[in-house]
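S.K.: Before we start, here is the structure in question, set down as structure tokens.
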Amino acid sequence: MDYSPSHSLVAYRLKRLSFACIQAIHQNRKQLKDQLLMAPEEATASTTILLQTLFLFLDPKLPWACKAVGYLMQRNVFFLFREVILMVKENISAGGSFGKIYTLERVLALMISHVGQSTCVCSNVDSQWSFSSQILTIPFIWQLFPYLKVVFASWRLTLHYTNKMVLCVQNHASLLPTDISNKFPVYACLLGNILETAGAALSQPDCSFEMAMDLAAVTTFLLDALPPIKSSSRESPTVAEDDMIIGDEIEEIVLDSNLEQQITNAIDSCFLLQLTNVLFGGISAACDPHNEGPDDKEVAAITAACAFLHVTFNTLPLERIMTVLAYRTELVPVLWNFIKRCHHNQKWSPLPERFSYLLGDAPGWLLPLAVFCPVYKHMLMIVDNEEFYEQEKPLSLKDVRCLIVILRQALWQLLWVIPSVHPTYGKSISNTSAHKRQLVETIQNRVGTVVSELLSQLQDWNNRRQFTPPSDFHADGVNDFFISQAAVEGSKAHDILKQAPFLIPFTSRVKIFTSQLASVRQRHGAHGVFTRNRFRIRRDHILEDAYNQMSQLSEEDLRGLIRVTFVNEFGVEEAGIDGGGIFKDFMENITRAAFDVQYGLFKGTADHLLYPNPGSGMIHEQHLQFFHFLGTLLAKAMFEGILVDIPFATFFLSKLKQKYNYLNDLPSLDPELYRHLIFLKHYKGDISGLELYFVIVNNEYGEQTEEELLPGGKNIRVTNENVITFIHLVSNHRLNFQIRQQSSHFLRGFQQLMQKDWIDMFNEHELQLLISGSLDSLDVDDLRCHTNYAGGYHSEHYVIDMFWEVLKSFSLENQKKFLKFVTGCSRGPLLGFKYLEPLFCIQRAAGSASEEALDRLPTSATCMNLLKLPPYRSKEQLEAKLMYAINADAGFDLS
């Protein structure tokens, strides 16, 4: 009744008695396990009496409460509670207490509520024996004690305990208890339990910025310690499994599936929205980039968000979180504004101390780019052409140009300037220098990959409709030394060529490509003196004859020389020995015939670009074998450096690169269908009223067929909720599914001669240039600069002057005919006539001094790229004779 005179003795006795209650339960936990989970009303049980006594003693209204709690904490009471809870854990149903609050749960709630209060004067407890280390590391603790979860989720308690964890978890991870089993690592259990309550804490209106920072720091550290959680649709990992470098002592960790589920379910759209809202609160997404750089709070917020999301991207399935980050948070505009200002001011602030373990002294732009690039890349896969080009969403075209420069510079730093890094995996929570180095190398490789992917995607957008010069994608440091190294297999420059070819100018890549082809041709052309394969081709049956003879060749034979003899319509062999020129003529003629839309294997778009005919099987029974043959034919032309006039649709060229086509590629195939789909995408009314279903109608040669886009699609109506899925399924059907067999067989034939890494050096626009050369007019001046003369002709000769004037006056069509007449191919070398082998030559025709000889026509030797030109006396005569010769269509009989 009178506490004051004897308060010391009373407090001492109560502290001892409180601890004795817990100790008694702990020491007898095996015998009492069936009594431990009881409510206060079940007062006859001895455990209930002991726990209820403890609960009464710790009432915060009583004057000794603080001393009693402090005493218990100093005696590692949470360790005792942990062992008691683990003893009875298997007896507790997964559903918890169904509204019944256990006395043990009430005691724990009372203790954790006491600590951290403003009136509390308890001394700090050793982190190893704290509530966080001992209780929050018990698997699914909130399923056991749902009332305790509600108490802990108040933002003040979450703030207190996460702050304590920030101080200890990075440097004292070894202080956590021993794992219960391999499937339940304590750090994973701690992460799951923290994340499960984090959403509730963040959603409270008075939740503080500091708490969000601490929460991000703790969960980032624990997430980084997790092994990657697999998903059937997860994006490809940064590093191939064959390239992983894993320490001998690190073994694969497989989490319990329910524990994985607890973690992945907690990082949902609501949690991501709450976390970014609290962190980015007060940060503008539209600051003037010319202002001073970000302040400390903005740097801290950006770093916290990026660090958490970076390890999340490396651990969890990306498809679950990308859409919400892209469209429901301010992540992209806030991050872009931050990146732009830092770039403009040439100042990237160092990481806050709590995140420094991730990167150490690595560049400050690594983390922001690691997060910005994959999220923005995800947005680009969903926006349509009107949004990107006209509405300039999600970034203005001016900003996109700036972004390209930033990404290009960052990628060049990572791949060429910064010392070489090796992709490593295998995570550990020990804070060693080796682990720090591994973290830095991992993020550098990750950023190198995502930046490469985003720049490649932006280059695709620029190829569809140019908004920036192609040179903006070229690295500033590419010089002659780099180019020479890039051709060497295994060199650092060669690795860059494979990962980010757009950093290197197109002309340099073409030189590397042609040198690789020349090297292979030389190896396969040196096996014998005589040509092994000679084709006899009827001009009026060129496709059938070529198919029958070329299809019999092995890959080895295809790489070797092939010589052709033409047979004219009368069955007579044409004059001329094939030294290469006749073969060029053959390749040009057969590709023109095989890819002609009249033959039925290919169709033309509205822009007269070619793609496989989806109905080819209705015309040719062996259509797939023909596609294989045509793939080989195209590869042979490229292999021999012969340009052919075959304008392919971009979405089909993607198949040569084994890429997938999306909605934004649809205009190149069917502009009208694209407009209809975009209308649906932006339709403001009730789409279900349009009576659309998940089916598509195919119409080939007047025969209509219906195909379901999803199983049971005939019964699935298109609504406002699923219209985006419908749009992408329609695009996929037209661009990928309909021509999958034709494209697959074409690719197999193509890859008989063209290695994948050769083709990967070029984007689709550049591939078309490799196949056909430039569509611009023939550069007569370039040809003149690289011409040799013989037989008395020289560059100043009056006949030569007349000749160049006449050729320059020709139409493009006649210029191409002239080039075919002299070289066997209507297109010049890709990089200019200085690369024509052998060099173009004009020779005075033999015996051309007489009047009779001047009536002769010009002739050519295509294997020598040689024009034999009589010395005509007037420009009119020269023009008439030359026009007749190039339009005679006499094959090689005109010689």
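By order in the structure tokens, chains are A, B, ...; within a chain, residues start at 1; ligands start at 1, following the order shown.
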If we count only C-alpha atoms and set the cut-off at 7 Å, which residues sit around A:Ala487, ignoring sequence neighbours fewer than 4 positions away in its own chain? Please answer as a PyMOL selection string.

M.R.: chain A and resi 483+494+512

S.K.: Mind listing the alpha helix (DSSP H) residues of stretch 634-833 of chain A, per DSSP on the backbone, as a short mmCIF file (atom, residue, chain, number, x, y, z; two decimals) with N, CA, C and O atoms, in the first residue's frame?

M.R.:
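Output contents, as saved in selection34.cif:
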```
data_model
loop_
_atom_site.label_atom_id
_atom_site.label_comp_id
_atom_site.auth_asym_id
_atom_site.auth_seq_id
_atom_site.Cartn_x
_atom_site.Cartn_y
_atom_site.Cartn_z
N LEU A 634 20.13 -16.78 -99.37
CA LEU A 634 20.45 -15.43 -98.88
C LEU A 634 21.79 -15.43 -98.15
O LEU A 634 22.61 -14.52 -98.32
N ALA A 635 22.00 -16.46 -97.32
CA ALA A 635 23.26 -16.54 -96.58
C ALA A 635 24.46 -16.67 -97.53
O ALA A 635 25.51 -16.07 -97.29
N LYS A 636 24.29 -17.42 -98.62
CA LYS A 636 25.39 -17.58 -99.57
C LYS A 636 25.71 -16.24 -100.23
O LYS A 636 26.89 -15.91 -100.43
N ALA A 637 24.68 -15.47 -100.58
CA ALA A 637 24.93 -14.15 -101.17
C ALA A 637 25.71 -13.28 -100.20
O ALA A 637 26.71 -12.63 -100.59
N MET A 638 25.30 -13.24 -98.94
CA MET A 638 26.01 -12.43 -97.94
C MET A 638 27.41 -12.97 -97.70
O MET A 638 28.37 -12.21 -97.52
N PHE A 639 27.53 -14.31 -97.68
CA PHE A 639 28.82 -14.95 -97.44
C PHE A 639 29.83 -14.57 -98.52
O PHE A 639 31.02 -14.39 -98.25
N THR A 650 10.94 -5.17 -91.77
CA THR A 650 11.77 -5.16 -90.56
C THR A 650 11.39 -6.28 -89.60
O THR A 650 12.27 -6.91 -88.99
N PHE A 651 10.10 -6.54 -89.45
CA PHE A 651 9.69 -7.56 -88.48
C PHE A 651 10.17 -8.95 -88.91
O PHE A 651 10.36 -9.83 -88.06
N PHE A 652 10.38 -9.18 -90.21
CA PHE A 652 10.95 -10.46 -90.63
C PHE A 652 12.45 -10.49 -90.40
O PHE A 652 13.00 -11.53 -90.00
N LEU A 653 13.14 -9.38 -90.61
CA LEU A 653 14.58 -9.34 -90.34
C LEU A 653 14.86 -9.64 -88.87
O LEU A 653 15.92 -10.16 -88.52
N SER A 654 13.90 -9.29 -87.99
CA SER A 654 14.06 -9.61 -86.57
C SER A 654 14.21 -11.11 -86.35
O SER A 654 14.86 -11.54 -85.40
N LYS A 655 13.59 -11.90 -87.24
CA LYS A 655 13.68 -13.35 -87.10
C LYS A 655 15.10 -13.85 -87.34
O LYS A 655 15.52 -14.85 -86.76
N LEU A 656 15.86 -13.15 -88.20
CA LEU A 656 17.26 -13.53 -88.42
C LEU A 656 18.09 -13.27 -87.18
O LEU A 656 19.15 -13.88 -86.99
N PRO A 671 -0.81 -1.59 -91.30
CA PRO A 671 -1.10 -0.29 -90.66
C PRO A 671 -2.56 -0.16 -90.22
O PRO A 671 -2.85 0.44 -89.19
N GLU A 672 -3.47 -0.74 -91.01
CA GLU A 672 -4.89 -0.60 -90.67
C GLU A 672 -5.23 -1.37 -89.40
O GLU A 672 -5.93 -0.85 -88.51
N LEU A 673 -4.73 -2.60 -89.28
CA LEU A 673 -4.96 -3.38 -88.06
C LEU A 673 -4.35 -2.65 -86.86
O LEU A 673 -4.95 -2.61 -85.78
N TYR A 674 -3.16 -2.07 -87.05
CA TYR A 674 -2.52 -1.33 -85.96
C TYR A 674 -3.40 -0.17 -85.50
O TYR A 674 -3.58 0.04 -84.30
N ARG A 675 -3.98 0.56 -86.44
CA ARG A 675 -4.85 1.69 -86.07
C ARG A 675 -6.07 1.21 -85.28
O ARG A 675 -6.49 1.84 -84.31
N HIS A 676 -6.64 0.07 -85.69
CA HIS A 676 -7.79 -0.47 -84.97
C HIS A 676 -7.41 -0.84 -83.53
O HIS A 676 -8.16 -0.58 -82.59
N LEU A 677 -6.23 -1.45 -83.37
CA LEU A 677 -5.81 -1.86 -82.03
C LEU A 677 -5.52 -0.65 -81.14
O LEU A 677 -5.84 -0.66 -79.95
N ILE A 678 -4.92 0.39 -81.71
CA ILE A 678 -4.66 1.60 -80.93
C ILE A 678 -5.97 2.28 -80.55
O ILE A 678 -6.11 2.84 -79.45
N PHE A 679 -6.95 2.21 -81.44
CA PHE A 679 -8.28 2.74 -81.12
C PHE A 679 -8.84 2.02 -79.89
O PHE A 679 -9.38 2.65 -78.98
N LEU A 680 -8.70 0.70 -79.85
CA LEU A 680 -9.17 -0.07 -78.70
C LEU A 680 -8.40 0.29 -77.44
O LEU A 680 -8.98 0.41 -76.34
N LYS A 681 -7.10 0.49 -77.59
CA LYS A 681 -6.26 0.79 -76.42
C LYS A 681 -6.71 2.07 -75.74
O LYS A 681 -6.69 2.18 -74.51
N VAL A 723 -8.23 -5.73 -72.36
CA VAL A 723 -8.02 -5.27 -73.74
C VAL A 723 -6.54 -5.19 -74.10
O VAL A 723 -6.17 -5.49 -75.25
N ILE A 724 -5.68 -4.82 -73.14
CA ILE A 724 -4.24 -4.75 -73.45
C ILE A 724 -3.71 -6.13 -73.78
O ILE A 724 -2.91 -6.30 -74.72
N THR A 725 -4.15 -7.13 -73.03
CA THR A 725 -3.75 -8.51 -73.34
C THR A 725 -4.21 -8.90 -74.74
O THR A 725 -3.46 -9.50 -75.52
N PHE A 726 -5.44 -8.55 -75.08
CA PHE A 726 -5.99 -8.85 -76.41
C PHE A 726 -5.15 -8.21 -77.51
O PHE A 726 -4.80 -8.85 -78.50
N ILE A 727 -4.80 -6.93 -77.32
CA ILE A 727 -4.01 -6.19 -78.32
C ILE A 727 -2.67 -6.87 -78.57
O ILE A 727 -2.25 -7.07 -79.71
N HIS A 728 -2.01 -7.26 -77.49
CA HIS A 728 -0.69 -7.87 -77.66
C HIS A 728 -0.78 -9.29 -78.22
O HIS A 728 0.12 -9.73 -78.95
N LEU A 729 -1.85 -10.00 -77.91
CA LEU A 729 -2.03 -11.33 -78.49
C LEU A 729 -2.30 -11.26 -79.99
O LEU A 729 -1.81 -12.09 -80.77
N VAL A 730 -3.10 -10.27 -80.41
CA VAL A 730 -3.34 -10.07 -81.85
C VAL A 730 -2.03 -9.74 -82.56
O VAL A 730 -1.71 -10.30 -83.63
N SER A 731 -1.26 -8.83 -81.99
CA SER A 731 0.03 -8.46 -82.59
C SER A 731 0.95 -9.66 -82.68
O SER A 731 1.60 -9.89 -83.70
N ASN A 732 1.01 -10.43 -81.61
CA ASN A 732 1.86 -11.62 -81.59
C ASN A 732 1.43 -12.61 -82.67
O ASN A 732 2.27 -13.20 -83.36
N ARG A 740 5.64 -18.53 -88.02
CA ARG A 740 6.67 -19.16 -87.18
C ARG A 740 7.37 -20.32 -87.90
O ARG A 740 8.60 -20.45 -87.82
N GLN A 741 6.61 -21.17 -88.62
CA GLN A 741 7.23 -22.31 -89.30
C GLN A 741 8.10 -21.84 -90.46
O GLN A 741 9.24 -22.30 -90.62
N GLN A 742 7.58 -20.93 -91.28
CA GLN A 742 8.34 -20.42 -92.42
C GLN A 742 9.63 -19.75 -91.94
O GLN A 742 10.71 -19.97 -92.49
N SER A 743 9.51 -18.91 -90.90
CA SER A 743 10.67 -18.18 -90.38
C SER A 743 11.69 -19.15 -89.79
O SER A 743 12.90 -18.97 -89.95
N SER A 744 11.20 -20.17 -89.08
CA SER A 744 12.09 -21.14 -88.46
C SER A 744 12.92 -21.89 -89.49
O SER A 744 14.14 -22.05 -89.35
N HIS A 745 12.28 -22.35 -90.57
CA HIS A 745 13.02 -23.08 -91.61
C HIS A 745 13.95 -22.16 -92.38
O HIS A 745 15.06 -22.55 -92.74
N PHE A 746 13.52 -20.93 -92.62
CA PHE A 746 14.39 -19.95 -93.29
C PHE A 746 15.64 -19.71 -92.44
O PHE A 746 16.76 -19.68 -92.96
N LEU A 747 15.44 -19.57 -91.13
CA LEU A 747 16.56 -19.30 -90.22
C LEU A 747 17.54 -20.47 -90.20
O LEU A 747 18.75 -20.27 -90.18
N ARG A 748 17.02 -21.69 -90.21
CA ARG A 748 17.92 -22.86 -90.20
C ARG A 748 18.81 -22.88 -91.44
O ARG A 748 20.01 -23.17 -91.36
N GLY A 749 18.20 -22.59 -92.59
CA GLY A 749 19.00 -22.53 -93.81
C GLY A 749 20.01 -21.39 -93.76
O GLY A 749 21.17 -21.54 -94.16
N PHE A 750 19.57 -20.26 -93.24
CA PHE A 750 20.43 -19.08 -93.16
C PHE A 750 21.64 -19.34 -92.27
O PHE A 750 22.76 -18.93 -92.57
N LYS A 756 25.54 -16.80 -85.83
CA LYS A 756 24.68 -15.90 -85.06
C LYS A 756 25.45 -14.67 -84.57
O LYS A 756 24.95 -13.55 -84.62
N ASP A 757 26.69 -14.85 -84.10
CA ASP A 757 27.43 -13.71 -83.57
C ASP A 757 27.80 -12.71 -84.66
O ASP A 757 27.99 -11.53 -84.38
N TRP A 758 27.88 -13.15 -85.92
CA TRP A 758 28.10 -12.19 -87.02
C TRP A 758 26.88 -11.31 -87.20
O TRP A 758 26.98 -10.09 -87.31
N ILE A 759 25.69 -11.94 -87.20
CA ILE A 759 24.45 -11.20 -87.43
C ILE A 759 24.12 -10.31 -86.23
O ILE A 759 23.57 -9.22 -86.40
N GLU A 764 18.31 -4.50 -87.35
CA GLU A 764 17.55 -4.88 -88.54
C GLU A 764 17.78 -3.93 -89.70
O GLU A 764 17.91 -4.35 -90.86
N HIS A 765 17.83 -2.63 -89.43
CA HIS A 765 18.07 -1.64 -90.48
C HIS A 765 19.43 -1.88 -91.13
O HIS A 765 19.58 -1.82 -92.37
N GLU A 766 20.43 -2.18 -90.30
CA GLU A 766 21.78 -2.42 -90.82
C GLU A 766 21.85 -3.76 -91.57
O GLU A 766 22.60 -3.88 -92.55
N LEU A 767 21.09 -4.73 -91.11
CA LEU A 767 21.05 -6.02 -91.81
C LEU A 767 20.57 -5.83 -93.25
O LEU A 767 21.08 -6.45 -94.18
N GLN A 768 19.55 -4.99 -93.42
CA GLN A 768 19.05 -4.74 -94.77
C GLN A 768 20.14 -4.11 -95.64
O GLN A 768 20.25 -4.43 -96.83
N LEU A 769 20.94 -3.25 -95.05
CA LEU A 769 22.06 -2.66 -95.81
C LEU A 769 23.08 -3.73 -96.18
O LEU A 769 23.66 -3.71 -97.27
N LEU A 770 23.34 -4.69 -95.27
CA LEU A 770 24.27 -5.77 -95.57
C LEU A 770 23.74 -6.62 -96.73
O LEU A 770 24.52 -7.13 -97.54
N ILE A 771 22.43 -6.78 -96.79
CA ILE A 771 21.83 -7.62 -97.83
C ILE A 771 21.77 -6.89 -99.16
O ILE A 771 22.13 -7.44 -100.21
N SER A 772 21.33 -5.62 -99.13
CA SER A 772 21.01 -4.92 -100.38
C SER A 772 21.87 -3.70 -100.65
O SER A 772 21.79 -3.14 -101.75
N VAL A 780 28.52 7.86 -108.67
CA VAL A 780 29.39 7.79 -109.85
C VAL A 780 30.75 8.41 -109.56
O VAL A 780 31.80 7.92 -110.04
N ASP A 781 30.75 9.47 -108.77
CA ASP A 781 32.04 10.12 -108.45
C ASP A 781 32.95 9.17 -107.67
O ASP A 781 34.16 9.14 -107.89
N ASP A 782 32.35 8.41 -106.74
CA ASP A 782 33.14 7.44 -105.97
C ASP A 782 33.70 6.36 -106.90
O ASP A 782 34.86 5.94 -106.78
N LEU A 783 32.87 5.91 -107.86
CA LEU A 783 33.34 4.90 -108.81
C LEU A 783 34.49 5.45 -109.65
O LEU A 783 35.48 4.76 -109.90
N ARG A 784 34.37 6.70 -110.08
CA ARG A 784 35.42 7.30 -110.92
C ARG A 784 36.73 7.42 -110.15
O ARG A 784 37.81 7.23 -110.74
N CYS A 785 36.62 7.73 -108.86
CA CYS A 785 37.84 7.90 -108.06
C CYS A 785 38.59 6.58 -107.88
O CYS A 785 39.79 6.58 -107.53
N TYR A 798 39.78 11.93 -123.58
CA TYR A 798 38.49 12.54 -123.96
C TYR A 798 37.36 11.52 -123.95
O TYR A 798 36.21 11.82 -123.61
N VAL A 799 37.65 10.22 -124.34
CA VAL A 799 36.63 9.17 -124.33
C VAL A 799 36.18 8.89 -122.89
O VAL A 799 35.00 8.70 -122.61
N ILE A 800 37.16 8.91 -121.99
CA ILE A 800 36.85 8.66 -120.57
C ILE A 800 36.00 9.79 -120.01
O ILE A 800 35.02 9.56 -119.27
N ASP A 801 36.32 11.04 -120.38
CA ASP A 801 35.50 12.17 -119.93
C ASP A 801 34.06 12.02 -120.42
O ASP A 801 33.10 12.26 -119.67
N MET A 802 33.91 11.64 -121.71
CA MET A 802 32.57 11.46 -122.26
C MET A 802 31.83 10.33 -121.51
O MET A 802 30.64 10.44 -121.21
N PHE A 803 32.58 9.26 -121.25
CA PHE A 803 31.96 8.11 -120.59
C PHE A 803 31.36 8.51 -119.24
O PHE A 803 30.21 8.16 -118.92
N TRP A 804 32.12 9.23 -118.43
CA TRP A 804 31.63 9.58 -117.08
C TRP A 804 30.45 10.55 -117.17
O TRP A 804 29.53 10.48 -116.36
N GLU A 805 30.47 11.43 -118.14
CA GLU A 805 29.34 12.35 -118.32
C GLU A 805 28.07 11.57 -118.68
O GLU A 805 26.98 11.85 -118.16
N VAL A 806 28.22 10.58 -119.56
CA VAL A 806 27.08 9.78 -119.99
C VAL A 806 26.54 8.96 -118.80
O VAL A 806 25.33 8.92 -118.55
N LEU A 807 27.44 8.30 -118.06
CA LEU A 807 27.01 7.45 -116.94
C LEU A 807 26.30 8.28 -115.87
O LEU A 807 25.30 7.85 -115.30
N LYS A 808 26.81 9.50 -115.64
CA LYS A 808 26.20 10.35 -114.62
C LYS A 808 24.80 10.79 -115.04
O LYS A 808 23.93 11.04 -114.20
N SER A 809 24.55 10.88 -116.35
CA SER A 809 23.25 11.33 -116.84
C SER A 809 22.20 10.22 -116.83
O SER A 809 21.01 10.48 -116.98
N LEU A 812 18.76 6.07 -112.27
CA LEU A 812 19.27 5.10 -111.29
C LEU A 812 19.11 3.68 -111.83
O LEU A 812 20.00 2.84 -111.68
N GLU A 813 17.99 3.41 -112.50
CA GLU A 813 17.75 2.07 -113.03
C GLU A 813 18.80 1.70 -114.06
O GLU A 813 19.33 0.58 -114.06
N ASN A 814 19.14 2.64 -114.94
CA ASN A 814 20.15 2.35 -115.96
C ASN A 814 21.55 2.28 -115.37
O ASN A 814 22.40 1.52 -115.85
N GLN A 815 21.81 3.08 -114.34
CA GLN A 815 23.10 2.97 -113.66
C GLN A 815 23.28 1.58 -113.04
O GLN A 815 24.36 1.00 -113.09
N LYS A 816 22.18 1.06 -112.44
CA LYS A 816 22.24 -0.28 -111.85
C LYS A 816 22.43 -1.33 -112.94
O LYS A 816 23.17 -2.32 -112.76
N LYS A 817 21.80 -1.14 -114.09
CA LYS A 817 21.98 -2.07 -115.20
C LYS A 817 23.44 -2.05 -115.70
O LYS A 817 24.00 -3.09 -116.03
N PHE A 818 24.00 -0.85 -115.75
CA PHE A 818 25.40 -0.74 -116.17
C PHE A 818 26.31 -1.50 -115.19
O PHE A 818 27.21 -2.24 -115.60
N LEU A 819 26.06 -1.30 -113.90
CA LEU A 819 26.90 -1.96 -112.89
C LEU A 819 26.77 -3.47 -112.99
O LEU A 819 27.76 -4.20 -112.89
N LYS A 820 25.57 -3.97 -113.25
CA LYS A 820 25.37 -5.41 -113.41
C LYS A 820 26.08 -5.91 -114.67
O LYS A 820 26.69 -6.99 -114.67
N PHE A 821 26.07 -5.10 -115.73
CA PHE A 821 26.71 -5.46 -116.99
C PHE A 821 28.21 -5.66 -116.80
O PHE A 821 28.82 -6.58 -117.35
N VAL A 822 28.81 -4.81 -115.94
CA VAL A 822 30.27 -4.84 -115.79
C VAL A 822 30.71 -5.78 -114.67
O VAL A 822 31.73 -6.47 -114.79
N THR A 823 29.95 -5.83 -113.57
CA THR A 823 30.40 -6.58 -112.39
C THR A 823 29.60 -7.85 -112.13
O THR A 823 29.99 -8.67 -111.31
#
```

S.K.: Which neighbours of A:Gly828 fall inside 8 Å, counting only C-alpha atoms, when residues of the same chain fewer than 5 positions from it are skipped, and could you give them as a ChimeraX atom specification?

M.R.: /A:643,773,778,819,833,836

S.K.: Got time to write the residues from that selection, C-alpha atoms, as a short mmCIF file (atom, residue, chain, number, x, y, z; two decimals), in the first residue's frame?

M.R.:
```
data_model
loop_
_atom_site.label_atom_id
_atom_site.label_comp_id
_atom_site.auth_asym_id
_atom_site.auth_seq_id
_atom_site.Cartn_x
_atom_site.Cartn_y
_atom_site.Cartn_z
CA LEU A 643 24.43 -7.49 -102.68
CA GLY A 773 23.36 -2.01 -99.87
CA LEU A 778 24.83 5.05 -107.32
CA LEU A 819 26.90 -1.96 -112.89
CA PHE A 833 33.94 1.30 -104.68
CA LEU A 836 35.39 -3.52 -105.10
#
```

S.K.: Given only C-alpha atoms as the basis, pick out the residue of A:Tyr389, A:Phe355, A:Trp129, A:Phe583 nearest to A:Thr468.

M.R.: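 Ranked by minimum distance to A:Thr468, first place goes to A:Tyr389.
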